[in-house]
Amino acid sequence: MISIQGLKVEFGSQVLFENINYVVNKRDKIALVGKNGAGKTTMLKIITGEQQPTSGTVARQSDITIGYLPQQMKLIDTLTVKQEAARAFEHLQQMDEAIDRMNQQLAERTDYDSEDYQELIERVAEKTELRALMQSENIEAEIEKTLMGLGFERTDFDRPTSEFSGGWRMRIELAKLLLRRPDVLLLDEPTNHLDIESIQWLESFLKNRNGALLLVSHDRAFIDNVTNRTIEISLGKIYDYKVSYSQFVELRKERVEQQMRAYENQQKLIHDTEDFIERFRYKATKAVQVQSRIKMLDKLERIEVDEVDRSRMRLKFPPAPRSGDYPIIVEDLCKDYGALNVFHDVTFTIKRGEKVAFVGKNGAGKSTLVKCIMGEIPFDGKLQIGHNVKIGYFAQNQAQLLDETLTVHDTIDYVAVGDIRTRINDILGAFMFGGKNADKKVKVLSGGEKSRLAMIRLLLQPVNLLILDEPTNHLDMPSKDVLKEAIQAFDGTVIVVSHDRDFLNGIVSKVYEFGEHRVREHLGGIYDFLQKKQLDSLQQLEVKDTPAASTLPEGEPTEPMSQGKADYQKQKERERRIRQAEKKVKTLEAKIAELEQQLADIEDKLSTASSEDLDIYYTHSKINRELEEVMANWEQASEELDKVKS
């Protein structure tokens with residue numbers, strides 16, 4: 001459908017990528033991955049024709065339609081939500097004209113047995129069938145089902161788009177794209193402003209729709225469930241894998257290891273050659289050999305190793321000051337905005353050290369409850385903050401509180417304490433502020449960069465209750481991994497408001513679901529909660545005219561619920577294995593610490609023991625052997641844990 005040949009893009013003297021070649025086929029669902037700044041968005045714009053490459057060609061099959069969802073959109077503010085969504089059908093006339101042209105070709109051509117002719121027949125049939133699904137009597141139903149699937153209520157349909165936030169406007173644009181049903185769908189970070197239920201709806205829609213898909217997303221679970229091919233942009237080149245994202249991660253590890261071995265061998269060759277040149281540069285008898293080696297080095301194509309996987313860098317929180325047993329106690333909490341009730345009769349208790357998630361549709365009250373906890377807004381009922389609770393709070397407006405006169409490095413250096421100060425550059429690099437970016441003034445950073453910087457600043461302060469409101473929206477996958485590992489190791493209490501299933505998985509042990517003006521408590525991790533919701537939805541399918549029974553547009557096959565349940569069961573089993581592996585590693589680490597202490601005690605005694613006291617030497621040797629054995633078991637257990645997690 002789309003063929004990209006010899007593509008090169010450069011900005012000034014900087015080459016973004018070059019000699020890029022690949023083909024997008026009809027049924028490809030491609031995850032376009034790479035670090036921030038690698039060129040993913042640029043690639044999508046080139047495919048749409050919005051941006052021209054420096055050189056190379058993008059050949060698009062005639063009559064195909066391309067739908068593009070950018071990160072930044074323009075909507076007409078004079079229309080209602082439903083009117084804006086209805087603009088998706090302005091292309092029907094163009095579709096009719098395309099069908100007429102193809103039918104004319106069928107009438108004029110005589111190569112009936114050729115492959116091209118058969119493909120043309122198939123395209124005419126597909127387009128005609130698709131056009132039939134979009135007859136005027138179906139349009140209104142299609143619009144309503146798609147809007148409701150993306151989280152809108154019927155009462156929203158007649159509201160002007162100007163009343164909605166940027167995230168909800170993005171949903172309107174996404175609805176228009178899905179209603180158009182283009183042959184090729186390009187989505188740039190579509191989940192950033194979606195809640196978990198809307199993400200699951202979109203995930204199911206994309207898995208079952210026909211046509212090609214190119215997807216840029218930092219939501220690992222989303223792209224892994226939707227895509228069947230992964231294209232990575234790295235160091236100006238692409239690596240094309242015909243596998244899902246999780247399989248790609250494994251193959252990429254092998255590729256980087258091979259690159260590293262080749263790089264190290266080449267560096268040794270270069271070092272030996274340069275050493276030879278330096279030693280014999282001024283010896284006439286070696287002149288020919290020296291010149292030969294100089295030419296060899298000039299012609300040598302230097303091996304580059306792909307970007308370092310920063311997810312292996314560890315960011316450790318300062319120890320949490322001890323708080324009371326119950327940092328948060330809520331009883332019969334109620335919040336109203338005028339006549340609008342956000343939630344009522346909310347009662348729960350969060351214990352010290354618990355890590356919990358607030359989930360639910362946008363507007364259900366998650367951020368409102370956080371603001372109640374922070375004392376930013378009034379409420380009715382009881383909300384008690386426990387003894388000695390020190391709160392670290394991350395919200396989008398935290399970025400506005402940064403000192404814009406400081407550099408990125410100085411902003412972090414100002415709050416860093418202890419040995420963290422020696423690792424500031426590593427920490428900044430993990431959050432995409434490496435190299436010269438660390439010297440930028442805060443005032444020149446984008447909104448997303450300021451949010452990331454505010455996140456780093458928060459993570460370095462000694463607190464015992466972390467409240468994070470959508471912390472991953474501006475983080476790429478390696479940075480999310482760094483943050484996730486830090487939260488997992490944090491010994492305080494955590495409340496996370498997030499729609500990112502992969503990020504929440506392994507962090508939280510309790511989920512609070514917001515919806516229908518209530519807050520419901522669910523014990524277990526995020527996938528335990530999702531599995532339960534999947535079963536709830538299965539029961540809801542038996543109820544006539546419920547949203548769960550009518551969210552997918554007509555003509556799209558629905559995925560059997562048993563498959564979804566099986567997926568969650570598989571995830572639950574994976575979590576169980578991880579817990580077992582982590583417990584084994586922790587047990588062995590405790591044993592190592594115990595044996596090392598025993599050795600230290602014995603070595604103190606050895607300094608005063610007589611040479612005739614053989615028992616103490618025998619005990620020392622025995623513990624040493626035991627320690628070596630436990631260390632070997634620990635290394636094996638750690639490797640097994642890495643395998644289970646990957």
# chains A, B, ... in the order shown; residues from 1 in each chain; ligands from 1
>>> residues_around(residues="Gln291 in chain A", least_positions_apart="4", cutoff="12 Å", atoms="only C-alpha atoms", output="list in words")
Thr273, Glu274, Phe276, Ile277, Glu278, Phe280, Arg281, Tyr282, Lys283, Ala284, Thr285, Lys286, Ala287, Lys295, Met296, Leu297 and Asp298 of chain A
>>> write_last_selection(atoms="all heavy atoms", output="compact mmCIF listing (two decimals), in the first residue's frame")
# COMPACT_ATOMS: atom_id res chain seq x y z
N THR A 273 45.85 -0.65 15.75
CA THR A 273 46.32 -0.02 14.51
C THR A 273 46.92 1.36 14.80
O THR A 273 47.99 1.71 14.26
CB THR A 273 45.16 0.11 13.50
OG1 THR A 273 44.59 -1.17 13.28
CG2 THR A 273 45.66 0.69 12.19
N GLU A 274 46.24 2.14 15.61
CA GLU A 274 46.76 3.47 15.96
C GLU A 274 48.07 3.37 16.72
O GLU A 274 48.98 4.20 16.54
CB GLU A 274 45.72 4.23 16.79
CG GLU A 274 44.51 4.67 15.99
CD GLU A 274 43.44 5.32 16.83
OE1 GLU A 274 43.44 5.10 18.06
OE2 GLU A 274 42.60 6.04 16.27
N PHE A 276 50.28 0.95 16.35
CA PHE A 276 51.29 0.60 15.34
C PHE A 276 51.73 1.86 14.58
O PHE A 276 52.94 2.09 14.37
CB PHE A 276 50.72 -0.43 14.36
CG PHE A 276 51.69 -0.84 13.28
CD1 PHE A 276 52.54 -1.92 13.46
CD2 PHE A 276 51.75 -0.14 12.09
CE1 PHE A 276 53.43 -2.29 12.45
CE2 PHE A 276 52.63 -0.49 11.08
CZ PHE A 276 53.48 -1.58 11.27
N ILE A 277 50.76 2.68 14.17
CA ILE A 277 51.07 3.90 13.41
C ILE A 277 51.94 4.83 14.24
O ILE A 277 52.92 5.41 13.73
CB ILE A 277 49.76 4.60 13.00
CG1 ILE A 277 49.01 3.75 11.97
CG2 ILE A 277 50.03 5.99 12.43
CD1 ILE A 277 47.60 4.23 11.68
N GLU A 278 51.63 4.97 15.52
CA GLU A 278 52.38 5.90 16.37
C GLU A 278 53.80 5.41 16.61
O GLU A 278 54.75 6.19 16.63
CB GLU A 278 51.64 6.04 17.71
CG GLU A 278 52.11 7.19 18.57
CD GLU A 278 51.96 8.54 17.89
OE1 GLU A 278 50.98 8.72 17.14
OE2 GLU A 278 52.84 9.41 18.10
N PHE A 280 55.65 3.42 14.62
CA PHE A 280 56.52 3.33 13.43
C PHE A 280 56.32 4.48 12.45
O PHE A 280 56.75 4.41 11.30
CB PHE A 280 56.27 2.00 12.71
CG PHE A 280 56.55 0.80 13.57
CD1 PHE A 280 55.51 -0.01 14.02
CD2 PHE A 280 57.86 0.48 13.95
CE1 PHE A 280 55.76 -1.12 14.82
CE2 PHE A 280 58.11 -0.63 14.74
CZ PHE A 280 57.06 -1.43 15.19
N ARG A 281 55.67 5.56 12.91
CA ARG A 281 55.36 6.67 12.01
C ARG A 281 56.63 7.25 11.36
O ARG A 281 56.60 7.66 10.20
CB ARG A 281 54.64 7.76 12.80
CG ARG A 281 54.21 8.96 11.93
CD ARG A 281 53.57 10.03 12.79
NE ARG A 281 52.31 9.61 13.36
CZ ARG A 281 51.14 9.70 12.73
NH1 ARG A 281 51.08 10.19 11.51
NH2 ARG A 281 50.05 9.29 13.33
N TYR A 282 57.72 7.32 12.13
CA TYR A 282 58.92 8.00 11.62
C TYR A 282 60.03 7.02 11.22
O TYR A 282 61.18 7.42 11.08
CB TYR A 282 59.44 8.96 12.68
CG TYR A 282 58.39 9.97 13.09
CD1 TYR A 282 57.77 9.88 14.34
CD2 TYR A 282 57.98 10.97 12.21
CE1 TYR A 282 56.79 10.78 14.71
CE2 TYR A 282 56.99 11.88 12.57
CZ TYR A 282 56.40 11.77 13.82
OH TYR A 282 55.43 12.67 14.17
N LYS A 283 59.69 5.75 11.00
CA LYS A 283 60.68 4.76 10.54
C LYS A 283 60.47 4.53 9.06
O LYS A 283 59.41 4.09 8.63
CB LYS A 283 60.53 3.45 11.31
CG LYS A 283 61.00 3.56 12.77
CD LYS A 283 61.19 2.20 13.39
CE LYS A 283 61.77 2.33 14.79
NZ LYS A 283 62.05 1.01 15.40
N ALA A 284 61.52 4.81 8.31
CA ALA A 284 61.41 4.71 6.85
C ALA A 284 61.10 3.31 6.40
O ALA A 284 60.35 3.09 5.43
CB ALA A 284 62.73 5.18 6.21
N THR A 285 61.60 2.30 7.11
CA THR A 285 61.38 0.91 6.69
C THR A 285 59.92 0.48 6.87
O THR A 285 59.49 -0.51 6.30
CB THR A 285 62.28 -0.04 7.50
OG1 THR A 285 62.02 0.16 8.89
CG2 THR A 285 63.76 0.24 7.22
N LYS A 286 59.17 1.22 7.68
CA LYS A 286 57.77 0.87 7.94
C LYS A 286 56.80 1.85 7.27
O LYS A 286 55.58 1.79 7.52
CB LYS A 286 57.49 0.88 9.45
CG LYS A 286 58.31 -0.12 10.24
CD LYS A 286 57.81 -1.54 10.03
CE LYS A 286 58.52 -2.50 10.97
NZ LYS A 286 58.03 -3.89 10.83
N ALA A 287 57.31 2.74 6.45
CA ALA A 287 56.48 3.81 5.88
C ALA A 287 55.29 3.26 5.10
O ALA A 287 54.15 3.75 5.22
CB ALA A 287 57.32 4.72 4.99
N LYS A 295 45.26 4.51 5.76
CA LYS A 295 44.18 4.43 4.77
C LYS A 295 43.08 3.48 5.23
O LYS A 295 41.89 3.73 5.01
CB LYS A 295 44.74 3.97 3.42
CG LYS A 295 45.62 4.99 2.73
CD LYS A 295 46.18 4.45 1.41
CE LYS A 295 47.08 5.48 0.73
NZ LYS A 295 47.66 4.96 -0.53
N MET A 296 43.50 2.38 5.88
CA MET A 296 42.50 1.42 6.37
C MET A 296 41.59 2.07 7.41
O MET A 296 40.36 1.90 7.37
CB MET A 296 43.21 0.22 6.98
CG MET A 296 42.24 -0.89 7.45
SD MET A 296 43.04 -2.09 8.54
CE MET A 296 43.11 -1.13 10.06
N LEU A 297 42.20 2.84 8.31
CA LEU A 297 41.39 3.51 9.32
C LEU A 297 40.46 4.54 8.71
O LEU A 297 39.32 4.71 9.14
CB LEU A 297 42.29 4.19 10.37
CG LEU A 297 42.98 3.28 11.38
CD1 LEU A 297 43.79 4.11 12.36
CD2 LEU A 297 41.97 2.43 12.14
N ASP A 298 40.94 5.24 7.68
CA ASP A 298 40.10 6.25 7.01
C ASP A 298 38.89 5.62 6.35
O ASP A 298 37.80 6.21 6.32
CB ASP A 298 40.92 7.02 5.97
CG ASP A 298 41.95 7.95 6.61
OD1 ASP A 298 41.77 8.28 7.80
OD2 ASP A 298 42.92 8.33 5.93
>>> atom_distance(atom1="CA of Ala320 in chain A", atom2="CA of Asp491 in chain A")
6.1 Å
>>> closest_residue(among="A:Asp63, A:Asp426, A:Glu115, A:Glu513", to="Met95 in chain A", atoms="only C-alpha atoms")
A:Asp63
>>> residues_around(residues="range 379-394 of chain A", least_positions_apart="3", cutoff="7 Å", atoms="only C-alpha atoms", output="list in words")
Ser323, Gly324, Tyr326, Pro327, Ile328, Ile329, Val330, Glu331, Asp332, Leu333, Cys334, Lys335, Cys372, Gln398, Met455, Leu458, Val463, Asn464, Leu465, Leu466, Ile467, Leu468 and Asp469 of chain A
>>> atom_distance(atom1="CA of Glu153 in chain A", atom2="CA of Ile223 in chain A")
26.8 Å
>>> residues_around(residues="Tyr68 in chain A", least_positions_apart="2", cutoff="10 Å", atoms="only C-alpha atoms", output="VMD selection string")
chain A and resid 44 to 45 47 to 48 66 70 to 71 173 to 174 177 182 184 to 188 214
>>> atom_distance(atom1="CA of Gly149 in chain A", atom2="CA of Ala395 in chain A")
26.8 Å
>>> select_by_dssp(residues="range 16-70 of chain A", states="strand (DSSP E)", output="MDAnalysis selection string")
chainID A and resid 16:24 29:33 55:60 66:69
>>> write_last_selection(atoms="N, CA and C atoms", output="PDB file, in the first residue's frame")
ATOM      1  N   LEU A  16      18.648  13.311  10.508  1.00  0.00           N
ATOM      2  CA  LEU A  16      17.734  12.605  11.411  1.00  0.00           C
ATOM      3  C   LEU A  16      17.734  11.118  11.092  1.00  0.00           C
ATOM      4  N   PHE A  17      17.564  10.776   9.812  1.00  0.00           N
ATOM      5  CA  PHE A  17      17.745   9.409   9.349  1.00  0.00           C
ATOM      6  C   PHE A  17      17.986   9.418   7.850  1.00  0.00           C
ATOM      7  N   GLU A  18      18.559   8.332   7.344  1.00  0.00           N
ATOM      8  CA  GLU A  18      18.844   8.253   5.909  1.00  0.00           C
ATOM      9  C   GLU A  18      18.839   6.803   5.448  1.00  0.00           C
ATOM     10  N   ASN A  19      18.641   6.668   4.117  1.00  0.00           N
ATOM     11  CA  ASN A  19      18.594   5.353   3.468  1.00  0.00           C
ATOM     12  C   ASN A  19      17.586   4.428   4.151  1.00  0.00           C
ATOM     13  N   ILE A  20      16.382   4.971   4.351  1.00  0.00           N
ATOM     14  CA  ILE A  20      15.314   4.214   5.000  1.00  0.00           C
ATOM     15  C   ILE A  20      14.449   3.555   3.927  1.00  0.00           C
ATOM     16  N   ASN A  21      14.268   2.239   4.050  1.00  0.00           N
ATOM     17  CA  ASN A  21      13.467   1.489   3.085  1.00  0.00           C
ATOM     18  C   ASN A  21      12.544   0.514   3.818  1.00  0.00           C
ATOM     19  N   TYR A  22      11.260   0.601   3.554  1.00  0.00           N
ATOM     20  CA  TYR A  22      10.327  -0.411   4.048  1.00  0.00           C
ATOM     21  C   TYR A  22       8.982  -0.241   3.346  1.00  0.00           C
ATOM     22  N   VAL A  23       8.130  -1.244   3.503  1.00  0.00           N
ATOM     23  CA  VAL A  23       6.823  -1.249   2.855  1.00  0.00           C
ATOM     24  C   VAL A  23       5.748  -1.471   3.914  1.00  0.00           C
ATOM     25  N   VAL A  24       4.661  -0.704   3.815  1.00  0.00           N
ATOM     26  CA  VAL A  24       3.507  -0.893   4.685  1.00  0.00           C
ATOM     27  C   VAL A  24       2.467  -1.690   3.907  1.00  0.00           C
ATOM     28  N   LYS A  29      -0.047  -3.980  11.262  1.00  0.00           N
ATOM     29  CA  LYS A  29      -0.312  -3.110  12.410  1.00  0.00           C
ATOM     30  C   LYS A  29       1.047  -2.862  13.063  1.00  0.00           C
ATOM     31  N   ILE A  30       1.604  -1.708  12.765  1.00  0.00           N
ATOM     32  CA  ILE A  30       3.011  -1.427  13.051  1.00  0.00           C
ATOM     33  C   ILE A  30       3.151  -0.509  14.262  1.00  0.00           C
ATOM     34  N   ALA A  31       4.000  -0.914  15.200  1.00  0.00           N
ATOM     35  CA  ALA A  31       4.420  -0.028  16.289  1.00  0.00           C
ATOM     36  C   ALA A  31       5.694   0.672  15.848  1.00  0.00           C
ATOM     37  N   LEU A  32       5.655   1.992  15.783  1.00  0.00           N
ATOM     38  CA  LEU A  32       6.825   2.792  15.407  1.00  0.00           C
ATOM     39  C   LEU A  32       7.461   3.264  16.703  1.00  0.00           C
ATOM     40  N   VAL A  33       8.642   2.738  17.027  1.00  0.00           N
ATOM     41  CA  VAL A  33       9.242   3.003  18.331  1.00  0.00           C
ATOM     42  C   VAL A  33      10.621   3.629  18.168  1.00  0.00           C
ATOM     43  N   SER A  55      15.455  13.689   0.721  1.00  0.00           N
ATOM     44  CA  SER A  55      15.559  12.879  -0.500  1.00  0.00           C
ATOM     45  C   SER A  55      14.821  11.568  -0.267  1.00  0.00           C
ATOM     46  N   GLY A  56      14.619  10.830  -1.361  1.00  0.00           N
ATOM     47  CA  GLY A  56      13.889   9.574  -1.268  1.00  0.00           C
ATOM     48  C   GLY A  56      12.446   9.743  -1.710  1.00  0.00           C
ATOM     49  N   THR A  57      11.731   8.638  -1.781  1.00  0.00           N
ATOM     50  CA  THR A  57      10.352   8.668  -2.286  1.00  0.00           C
ATOM     51  C   THR A  57       9.408   7.930  -1.336  1.00  0.00           C
ATOM     52  N   VAL A  58       8.158   8.395  -1.324  1.00  0.00           N
ATOM     53  CA  VAL A  58       7.075   7.710  -0.625  1.00  0.00           C
ATOM     54  C   VAL A  58       5.997   7.438  -1.672  1.00  0.00           C
ATOM     55  N   ALA A  59       5.887   6.174  -2.093  1.00  0.00           N
ATOM     56  CA  ALA A  59       4.917   5.801  -3.123  1.00  0.00           C
ATOM     57  C   ALA A  59       3.663   5.246  -2.451  1.00  0.00           C
ATOM     58  N   ARG A  60       2.539   5.895  -2.716  1.00  0.00           N
ATOM     59  CA  ARG A  60       1.265   5.465  -2.135  1.00  0.00           C
ATOM     60  C   ARG A  60       0.397   4.852  -3.219  1.00  0.00           C
ATOM     61  N   ILE A  66      -5.736   7.872   3.858  1.00  0.00           N
ATOM     62  CA  ILE A  66      -4.862   7.896   5.029  1.00  0.00           C
ATOM     63  C   ILE A  66      -5.481   8.795   6.085  1.00  0.00           C
ATOM     64  N   GLY A  67      -5.625   8.289   7.289  1.00  0.00           N
ATOM     65  CA  GLY A  67      -6.120   9.072   8.416  1.00  0.00           C
ATOM     66  C   GLY A  67      -5.001   9.298   9.407  1.00  0.00           C
ATOM     67  N   TYR A  68      -4.802  10.540   9.849  1.00  0.00           N
ATOM     68  CA  TYR A  68      -3.670  10.884  10.711  1.00  0.00           C
ATOM     69  C   TYR A  68      -4.155  11.604  11.961  1.00  0.00           C
ATOM     70  N   LEU A  69      -3.800  11.082  13.127  1.00  0.00           N
ATOM     71  CA  LEU A  69      -4.084  11.742  14.400  1.00  0.00           C
ATOM     72  C   LEU A  69      -2.778  12.292  14.956  1.00  0.00           C
TER      73      LEU A  69
END
>>> select_by_dssp(residues="range 191-281 of chain A", states="alpha helix (DSSP H)", output="VMD selection string")
chain A and resid 196 to 208 220 to 226 245 to 280
>>> closest_residue(among="A:Ile143, A:Val290, A:Ile2, A:Val15", to="Gly49 in chain A", atoms="only C-alpha atoms")
A:Ile2
>>> residues_around(residues="Leu460 in chain A", least_positions_apart="2", cutoff="12 Å", atoms="only C-alpha atoms", output="JSON, numbers by chain")
{"A": [315, 316, 317, 318, 319, 320, 392, 411, 412, 413, 414, 415, 416, 417, 418, 419, 420, 421, 423, 424, 427, 453, 454, 455, 456, 457, 458, 462, 463, 464, 466, 483, 486, 487, 490]}
>>> residues_around(residues="Glu197 in chain A", least_positions_apart="2", cutoff="8 Å", atoms="only C-alpha atoms", output="list in words")
Gly151, Asp195, Ile199, Gln200, Trp201, Gly360 and Lys361 of chain A
>>> closest_residue(among="A:Phe433, A:Phe343, A:Phe248, A:Tyr117", to="His517 in chain A", atoms="only C-alpha atoms")
A:Phe343
>>> closest_residue(among="A:Val288, A:Leu269, A:Val346, A:Ile46", to="Arg302 in chain A", atoms="only C-alpha atoms")
A:Leu269
>>> residues_around(residues="range 192-194 of chain A", least_positions_apart="6", cutoff="8 Å", atoms="only C-alpha atoms", output="PyMOL selection string")
chain A and resi 150+167-168+170-171+362+473+499
>>> write_last_selection(atoms="all heavy atoms", output="compact mmCIF listing (two decimals), in the first residue's frame")
# COMPACT_ATOMS: atom_id res chain seq x y z
N LEU A 150 -15.60 6.19 23.23
CA LEU A 150 -14.45 7.00 23.63
C LEU A 150 -14.73 7.80 24.90
O LEU A 150 -13.95 8.68 25.26
CB LEU A 150 -14.04 7.93 22.49
CG LEU A 150 -13.39 7.21 21.30
CD1 LEU A 150 -13.20 8.15 20.13
CD2 LEU A 150 -12.06 6.59 21.70
N GLY A 167 -7.60 17.17 26.00
CA GLY A 167 -7.71 15.71 25.95
C GLY A 167 -9.01 15.24 25.35
O GLY A 167 -9.05 14.31 24.53
N TRP A 168 -10.13 15.89 25.71
CA TRP A 168 -11.43 15.52 25.15
C TRP A 168 -11.54 15.93 23.70
O TRP A 168 -12.20 15.25 22.89
CB TRP A 168 -12.55 16.13 25.99
CG TRP A 168 -12.74 15.41 27.28
CD1 TRP A 168 -12.22 15.76 28.50
CD2 TRP A 168 -13.45 14.19 27.48
NE1 TRP A 168 -12.57 14.82 29.44
CE2 TRP A 168 -13.34 13.85 28.85
CE3 TRP A 168 -14.18 13.35 26.64
CZ2 TRP A 168 -13.92 12.72 29.40
CZ3 TRP A 168 -14.77 12.22 27.19
CH2 TRP A 168 -14.63 11.91 28.54
N MET A 170 -9.07 15.85 21.65
CA MET A 170 -8.34 14.80 20.94
C MET A 170 -9.24 13.60 20.69
O MET A 170 -9.20 12.97 19.63
CB MET A 170 -7.11 14.39 21.76
CG MET A 170 -6.18 13.40 21.06
SD MET A 170 -6.70 11.70 21.16
CE MET A 170 -6.44 11.38 22.90
N ARG A 171 -10.12 13.28 21.65
CA ARG A 171 -11.05 12.17 21.47
C ARG A 171 -12.03 12.44 20.32
O ARG A 171 -12.39 11.53 19.58
CB ARG A 171 -11.84 11.92 22.75
CG ARG A 171 -10.99 11.49 23.93
CD ARG A 171 -11.88 11.11 25.10
NE ARG A 171 -11.11 10.93 26.32
CZ ARG A 171 -11.44 10.11 27.30
NH1 ARG A 171 -12.54 9.40 27.19
NH2 ARG A 171 -10.72 10.01 28.38
N ASN A 362 -12.45 9.67 32.85
CA ASN A 362 -12.13 11.08 33.07
C ASN A 362 -13.37 11.81 33.54
O ASN A 362 -14.46 11.63 32.99
CB ASN A 362 -11.60 11.72 31.79
CG ASN A 362 -10.22 11.20 31.44
OD1 ASN A 362 -9.57 10.54 32.24
ND2 ASN A 362 -9.76 11.51 30.24
N ASN A 473 2.49 10.67 31.33
CA ASN A 473 2.03 11.20 30.05
C ASN A 473 3.16 11.73 29.18
O ASN A 473 3.05 11.73 27.96
CB ASN A 473 1.00 12.31 30.26
CG ASN A 473 -0.41 11.74 30.40
OD1 ASN A 473 -0.61 10.53 30.31
ND2 ASN A 473 -1.38 12.61 30.63
N HIS A 499 -3.77 5.87 33.79
CA HIS A 499 -4.48 4.98 32.87
C HIS A 499 -3.53 3.96 32.25
O HIS A 499 -3.93 3.18 31.40
CB HIS A 499 -5.12 5.82 31.74
CG HIS A 499 -4.12 6.57 30.93
ND1 HIS A 499 -3.79 7.89 31.18
CD2 HIS A 499 -3.34 6.21 29.89
CE1 HIS A 499 -2.88 8.29 30.32
NE2 HIS A 499 -2.58 7.28 29.53
